[in-house]
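J.: Sending over protein.txt (compact mmCIF, C-alpha atoms).
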# COMPACT_ATOMS: atom_id res chain seq x y z
CA MET A 92 -45.01 106.76 24.24
CA ALA A 93 -43.50 104.42 21.65
CA GLU A 94 -42.02 101.08 22.74
CA SER A 95 -38.31 100.61 22.24
CA ALA A 96 -37.02 97.59 20.34
CA LEU A 97 -35.78 96.14 23.65
CA GLN A 98 -39.18 96.56 25.31
CA LYS A 99 -40.84 94.84 22.35
CA PHE A 100 -38.32 91.99 22.48
CA VAL A 101 -38.61 91.55 26.26
CA GLY A 102 -42.39 91.67 26.06
CA ARG A 103 -42.41 89.08 23.27
CA ALA A 104 -39.93 86.82 25.09
CA ALA A 105 -41.99 86.96 28.30
CA HIS A 106 -45.16 86.15 26.35
CA GLU A 107 -43.55 83.17 24.60
CA HIS A 108 -42.88 81.43 27.94
CA LEU A 109 -46.48 81.65 29.15
CA GLU A 110 -48.36 78.38 29.44
CA PRO A 111 -50.99 77.93 26.74
CA GLU A 112 -54.60 78.49 27.64
CA TRP A 113 -55.56 74.92 26.77
CA ARG A 114 -54.77 71.39 27.88
CA ARG A 115 -52.11 69.91 25.62
CA ALA A 116 -53.29 67.11 23.31
CA PHE A 117 -50.22 65.00 24.04
CA ILE A 118 -48.17 64.96 27.22
CA VAL A 119 -44.71 63.59 26.51
CA GLU A 120 -41.91 62.49 28.86
CA ARG A 121 -39.03 64.94 28.89
CA GLU A 122 -35.89 64.18 26.97
CA GLY A 123 -33.67 61.76 28.86
CA ALA A 124 -36.46 60.61 31.17
CA ALA A 125 -37.37 56.97 31.59
CA GLN A 126 -39.88 55.51 29.19
CA SER A 127 -43.51 56.01 30.01
CA ALA A 128 -45.05 52.98 31.72
CA SER A 129 -48.54 53.66 30.39
CA VAL A 130 -50.56 55.93 28.14
CA SER A 131 -53.51 57.55 29.86
CA VAL A 132 -56.48 58.98 28.01
CA ARG A 133 -58.18 61.98 29.57
CA PHE A 134 -61.63 62.73 28.28
CA ARG A 135 -63.10 66.17 27.61
CA GLY A 136 -64.85 66.56 30.98
CA GLY A 137 -61.68 65.81 32.92
CA ARG A 138 -63.29 63.33 35.31
CA ASP A 139 -62.74 60.09 33.42
CA VAL A 140 -59.37 58.51 32.68
CA ASP A 141 -58.60 55.38 30.69
CA GLY A 142 -55.37 53.93 29.42
CA PHE A 143 -53.09 51.06 28.57
CA ALA A 144 -49.66 49.85 29.63
CA MET A 145 -47.00 50.75 27.06
CA GLY A 146 -45.67 47.20 27.20
CA PHE A 147 -48.88 46.09 25.47
CA TYR A 148 -48.57 48.48 22.50
CA MET A 149 -48.69 46.50 19.26
CA ARG A 150 -49.30 48.75 16.24
CA HIS A 151 -51.14 51.71 14.81
CA ARG A 152 -53.02 52.55 11.64
CA TRP A 153 -53.89 55.89 10.09
CA MET A 154 -57.52 55.69 8.95
CA ASP A 155 -57.48 59.07 7.21
CA ARG A 156 -54.38 61.18 7.25
CA SER A 157 -54.88 63.32 4.16
CA GLY A 158 -58.17 64.95 5.13
CA LYS A 159 -58.92 67.89 7.37
CA LEU A 160 -59.67 65.44 10.16
CA GLU A 161 -57.02 62.81 10.92
CA ARG A 162 -58.11 59.49 12.36
CA LEU A 163 -55.64 57.21 14.10
CA VAL A 164 -56.11 53.83 15.78
CA LEU A 165 -53.58 52.63 18.37
CA LEU A 166 -53.77 48.91 19.18
CA PHE A 167 -52.69 47.31 22.43
CA SER A 168 -52.93 43.62 23.26
CA HIS A 169 -55.96 44.25 25.52
CA GLY A 170 -57.77 46.94 23.52
CA GLY A 171 -57.30 50.11 21.56
CA ILE A 172 -57.53 53.88 21.36
CA TYR A 173 -59.23 55.71 18.49
CA VAL A 174 -58.13 59.35 18.10
CA GLU A 175 -59.63 62.05 15.86
CA GLY A 176 -58.01 65.43 15.40
CA GLN A 177 -55.41 67.42 13.53
CA HIS A 178 -51.60 67.39 13.50
CA LEU A 179 -51.45 64.06 15.36
CA GLN A 180 -48.03 62.95 14.10
CA ARG A 181 -46.20 64.41 17.13
CA GLY A 182 -48.19 62.17 19.47
CA LEU A 183 -47.58 59.10 17.34
CA ASP A 184 -43.83 59.83 17.23
CA ALA A 185 -43.78 60.11 21.05
CA LEU A 186 -45.71 56.82 21.35
CA GLU A 187 -43.23 54.98 19.14
CA GLU A 188 -40.34 56.36 21.23
CA GLY A 189 -42.05 55.21 24.44
CA LYS A 190 -42.42 58.80 25.63
CA LEU A 191 -46.18 59.40 25.30
CA LYS A 192 -47.80 59.72 28.74
CA ARG A 193 -51.23 61.17 28.01
CA ILE A 194 -53.75 61.82 25.25
CA GLN A 195 -56.09 64.71 26.20
CA GLU A 196 -59.43 65.13 24.47
CA GLN A 197 -59.99 68.88 24.12
CA ASP A 198 -63.22 70.86 24.35
CA SER A 199 -64.50 73.28 21.69
CA SER A 200 -63.08 76.42 23.36
CA GLU A 201 -59.61 74.83 23.59
CA ILE A 202 -59.82 73.72 19.97
CA ALA A 203 -60.75 77.26 18.86
CA LEU A 204 -57.74 78.71 20.72
CA ILE A 205 -55.38 76.15 19.22
CA LYS A 206 -56.73 76.70 15.70
CA ALA A 207 -56.16 80.45 16.12
CA ARG A 208 -52.58 79.81 17.27
CA ASN A 209 -51.96 77.30 14.47
CA ALA A 210 -53.14 79.80 11.83
CA ASP A 211 -49.92 81.77 12.40
CA VAL A 212 -47.64 78.71 12.15
CA ARG A 213 -46.34 77.75 8.70
CA LYS A 214 -44.55 74.44 9.27
CA GLN A 215 -46.96 71.53 9.76
CA GLU A 216 -44.69 69.85 12.32
CA ASP A 217 -44.73 73.00 14.50
CA LYS A 218 -48.51 73.18 14.70
CA GLU A 219 -50.09 72.33 18.05
CA PRO A 220 -51.90 68.95 17.91
CA ILE A 221 -55.67 68.96 18.36
CA VAL A 222 -57.55 65.96 19.75
CA SER A 223 -61.26 66.43 19.13
CA ARG A 224 -62.42 62.89 19.95
CA VAL A 225 -61.05 59.85 21.76
CA VAL A 226 -62.66 56.44 22.16
CA THR A 227 -61.14 53.58 24.15
CA SER A 228 -62.11 49.96 23.85
CA PRO A 229 -62.97 48.10 25.89
CA SER A 230 -64.86 50.86 27.66
CA PHE A 231 -64.82 51.22 31.44
CA GLU A 232 -68.41 49.99 31.61
CA SER A 233 -67.67 46.98 29.45
CA VAL A 234 -64.72 45.95 31.61
CA LEU A 235 -66.89 46.15 34.74
CA GLU A 236 -69.77 44.21 33.19
CA HIS A 237 -67.66 41.39 31.75
CA ASP A 238 -65.09 40.79 34.49
CA LYS A 239 -66.52 38.54 37.21
CA ASP A 240 -64.01 39.95 39.72
CA LEU A 241 -65.44 43.44 39.16
CA ALA A 242 -69.11 42.43 39.16
CA GLU A 243 -69.69 43.85 42.66
CA ILE A 244 -68.48 47.29 41.59
CA ALA A 245 -70.66 47.15 38.47
CA LYS A 246 -73.66 46.24 40.63
CA VAL A 247 -73.10 49.17 43.01
CA ILE A 248 -72.70 51.62 40.13
CA LYS A 249 -75.87 50.35 38.45
CA GLU A 250 -77.85 50.59 41.72
CA ASP A 251 -76.56 54.10 42.34
CA TYR A 252 -77.48 55.11 38.78
CA VAL A 253 -81.05 53.82 39.18
CA HIS A 254 -81.34 55.35 42.68
CA ASN A 255 -80.32 58.79 41.38
CA GLY A 256 -82.86 58.75 38.58
CA GLY A 257 -80.50 57.87 35.77
CA SER A 258 -78.13 60.80 36.20
CA ASP A 259 -74.47 60.78 37.14
How does this structure look as structure tokens?
T.:
Amino acid sequence: MAESALQKFVGRAAHEHLEPEWRRAFIVEREGAAQSASVSVRFRGGRDVDGFAMGFYMRHRWMDRSGKLERLVLLFSHGGIYVEGQHLQRGLDALEEGKLKRIQEQDSSEIALIKARNADVRKQEDKEPIVSRVVTSPSFESVLEHDKDLAEIAKVIKEDYVHNGGSD
């Protein structure tokens, strides 16, 4: 039985409101909400989180914006975030407006889904951002090792690492 135009429209409309099958590269505060207090960085595995207070944001620099892979460095007074991916402008715009809450590093299956979705989108600004790599500095380990107030935690982690045979 052939679908009516209404059934096609309703089916399409219902499909358009489904949540994507990937974690979004940039989580942004909703319009009218208070400014984000910090930017968190979620790494691919989902267990580690890093971040910086928005009040410490200083500047950014595009390292390579014209290539297939965009590279962006965000500097804060106490460190920085290096981001590799595609269609990153939306995240940078949200950062400058004080609305960026999270940068999510995506795994290869998420990236493949997003690339497939983006293939059907003509306007560059409407393409879903992809974050393929994120590096924060100073790293979690570096902060623990170099802060005398955190030395006890670093010691426990190191002992646990050795006790478990070098695996997490």
J.: Please determine, counting only C-alpha atoms, which residue among A:Leu179, A:Ile221, A:Val212, A:Met149 has the shortest atom-to-atom distance to A:Gln197.
T.: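 Counting only C-alpha atoms, the residue closest to A:Gln197 is A:Ile221.
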J.: Counting all atoms listed in the file, what is within 7 Å of A:Ile118, bar same-chain residues fewer than 4 positions away, as a VMD selection string?
T.: chain A and resid 191 to 194
J.: Looking at only C-alpha atoms, which of A:Asp155, A:Glu201, A:Glu161, A:Glu219 is the one that sits closest to A:Phe117?
T.: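 Closest residue, counting only C-alpha atoms: A:Glu219.
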J.: Grab the atom CA of A:Phe134 to atom CA of A:Tyr252 distance for me, in Å with one decimal place.
T.: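 Calculated distance between atom CA of A:Phe134 and atom CA of A:Tyr252 is 20.5 Å.
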J.: Could you state the separation of atom CA of A:Val225 and atom CA of A:Gly189 in Å, given to one decimal place?
T.: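 According to the coordinates, atom CA of A:Val225 and atom CA of A:Gly189 are separated by 19.7 Å.
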J.: Could you complete stretch 158-185 of chain A so that it carries N, CA and C atoms, and give it back as a PDB file, in the coordinates of the input?
T.:
ATOM      1  N   GLY A 158     -57.033  64.046   5.008  1.00  0.00           N
ATOM      2  CA  GLY A 158     -58.170  64.950   5.130  1.00  0.00           C
ATOM      3  C   GLY A 158     -57.957  66.007   6.193  1.00  0.00           C
ATOM      4  N   LYS A 159     -58.967  66.853   6.338  1.00  0.00           N
ATOM      5  CA  LYS A 159     -58.920  67.890   7.370  1.00  0.00           C
ATOM      6  C   LYS A 159     -58.916  67.270   8.764  1.00  0.00           C
ATOM      7  N   LEU A 160     -59.589  66.144   8.887  1.00  0.00           N
ATOM      8  CA  LEU A 160     -59.670  65.440  10.160  1.00  0.00           C
ATOM      9  C   LEU A 160     -58.838  64.161  10.046  1.00  0.00           C
ATOM     10  N   GLU A 161     -57.841  64.023  10.899  1.00  0.00           N
ATOM     11  CA  GLU A 161     -57.020  62.810  10.920  1.00  0.00           C
ATOM     12  C   GLU A 161     -57.648  61.822  11.883  1.00  0.00           C
ATOM     13  N   ARG A 162     -57.588  60.558  11.509  1.00  0.00           N
ATOM     14  CA  ARG A 162     -58.110  59.490  12.360  1.00  0.00           C
ATOM     15  C   ARG A 162     -57.017  58.453  12.526  1.00  0.00           C
ATOM     16  N   LEU A 163     -56.730  58.108  13.772  1.00  0.00           N
ATOM     17  CA  LEU A 163     -55.640  57.210  14.100  1.00  0.00           C
ATOM     18  C   LEU A 163     -56.128  56.172  15.097  1.00  0.00           C
ATOM     19  N   VAL A 164     -55.764  54.914  14.862  1.00  0.00           N
ATOM     20  CA  VAL A 164     -56.110  53.830  15.780  1.00  0.00           C
ATOM     21  C   VAL A 164     -54.814  53.262  16.343  1.00  0.00           C
ATOM     22  N   LEU A 165     -54.723  53.207  17.666  1.00  0.00           N
ATOM     23  CA  LEU A 165     -53.580  52.630  18.370  1.00  0.00           C
ATOM     24  C   LEU A 165     -54.053  51.309  18.983  1.00  0.00           C
ATOM     25  N   LEU A 166     -53.371  50.221  18.662  1.00  0.00           N
ATOM     26  CA  LEU A 166     -53.770  48.910  19.180  1.00  0.00           C
ATOM     27  C   LEU A 166     -52.809  48.434  20.259  1.00  0.00           C
ATOM     28  N   PHE A 167     -53.401  47.936  21.325  1.00  0.00           N
ATOM     29  CA  PHE A 167     -52.690  47.310  22.430  1.00  0.00           C
ATOM     30  C   PHE A 167     -53.199  45.889  22.537  1.00  0.00           C
ATOM     31  N   SER A 168     -52.503  45.013  23.210  1.00  0.00           N
ATOM     32  CA  SER A 168     -52.930  43.620  23.260  1.00  0.00           C
ATOM     33  C   SER A 168     -54.280  43.440  23.948  1.00  0.00           C
ATOM     34  N   HIS A 169     -54.693  44.384  24.790  1.00  0.00           N
ATOM     35  CA  HIS A 169     -55.960  44.250  25.520  1.00  0.00           C
ATOM     36  C   HIS A 169     -57.013  45.250  25.071  1.00  0.00           C
ATOM     37  N   GLY A 170     -56.779  45.967  23.970  1.00  0.00           N
ATOM     38  CA  GLY A 170     -57.770  46.940  23.520  1.00  0.00           C
ATOM     39  C   GLY A 170     -57.146  47.956  22.587  1.00  0.00           C
ATOM     40  N   GLY A 171     -57.809  49.102  22.474  1.00  0.00           N
ATOM     41  CA  GLY A 171     -57.300  50.110  21.560  1.00  0.00           C
ATOM     42  C   GLY A 171     -57.782  51.503  21.893  1.00  0.00           C
ATOM     43  N   ILE A 172     -57.171  52.467  21.218  1.00  0.00           N
ATOM     44  CA  ILE A 172     -57.530  53.880  21.360  1.00  0.00           C
ATOM     45  C   ILE A 172     -57.751  54.428  19.959  1.00  0.00           C
ATOM     46  N   TYR A 173     -58.906  55.049  19.748  1.00  0.00           N
ATOM     47  CA  TYR A 173     -59.230  55.710  18.490  1.00  0.00           C
ATOM     48  C   TYR A 173     -59.132  57.205  18.748  1.00  0.00           C
ATOM     49  N   VAL A 174     -58.366  57.914  17.908  1.00  0.00           N
ATOM     50  CA  VAL A 174     -58.130  59.350  18.100  1.00  0.00           C
ATOM     51  C   VAL A 174     -58.509  60.089  16.818  1.00  0.00           C
ATOM     52  N   GLU A 175     -59.307  61.156  16.965  1.00  0.00           N
ATOM     53  CA  GLU A 175     -59.630  62.050  15.860  1.00  0.00           C
ATOM     54  C   GLU A 175     -59.057  63.419  16.178  1.00  0.00           C
ATOM     55  N   GLY A 176     -58.519  64.083  15.169  1.00  0.00           N
ATOM     56  CA  GLY A 176     -58.010  65.430  15.400  1.00  0.00           C
ATOM     57  C   GLY A 176     -57.194  65.929  14.230  1.00  0.00           C
ATOM     58  N   GLN A 177     -56.278  66.821  14.534  1.00  0.00           N
ATOM     59  CA  GLN A 177     -55.410  67.420  13.530  1.00  0.00           C
ATOM     60  C   GLN A 177     -53.985  67.459  14.059  1.00  0.00           C
ATOM     61  N   HIS A 178     -53.031  67.306  13.165  1.00  0.00           N
ATOM     62  CA  HIS A 178     -51.600  67.390  13.500  1.00  0.00           C
ATOM     63  C   HIS A 178     -51.221  66.359  14.571  1.00  0.00           C
ATOM     64  N   LEU A 179     -51.638  65.124  14.370  1.00  0.00           N
ATOM     65  CA  LEU A 179     -51.450  64.060  15.360  1.00  0.00           C
ATOM     66  C   LEU A 179     -50.090  63.367  15.301  1.00  0.00           C
ATOM     67  N   GLN A 180     -49.292  63.655  14.283  1.00  0.00           N
ATOM     68  CA  GLN A 180     -48.030  62.950  14.100  1.00  0.00           C
ATOM     69  C   GLN A 180     -47.110  63.051  15.313  1.00  0.00           C
ATOM     70  N   ARG A 181     -47.076  64.216  15.967  1.00  0.00           N
ATOM     71  CA  ARG A 181     -46.200  64.410  17.130  1.00  0.00           C
ATOM     72  C   ARG A 181     -46.516  63.391  18.230  1.00  0.00           C
ATOM     73  N   GLY A 182     -47.797  63.150  18.458  1.00  0.00           N
ATOM     74  CA  GLY A 182     -48.190  62.170  19.470  1.00  0.00           C
ATOM     75  C   GLY A 182     -47.804  60.757  19.094  1.00  0.00           C
ATOM     76  N   LEU A 183     -47.955  60.433  17.801  1.00  0.00           N
ATOM     77  CA  LEU A 183     -47.580  59.100  17.340  1.00  0.00           C
ATOM     78  C   LEU A 183     -46.068  58.897  17.451  1.00  0.00           C
ATOM     79  N   ASP A 184     -45.289  59.920  17.100  1.00  0.00           N
ATOM     80  CA  ASP A 184     -43.830  59.830  17.230  1.00  0.00           C
ATOM     81  C   ASP A 184     -43.441  59.565  18.687  1.00  0.00           C
ATOM     82  N   ALA A 185     -44.080  60.284  19.618  1.00  0.00           N
ATOM     83  CA  ALA A 185     -43.780  60.110  21.050  1.00  0.00           C
ATOM     84  C   ALA A 185     -44.171  58.705  21.510  1.00  0.00           C
TER      85      ALA A 185
END
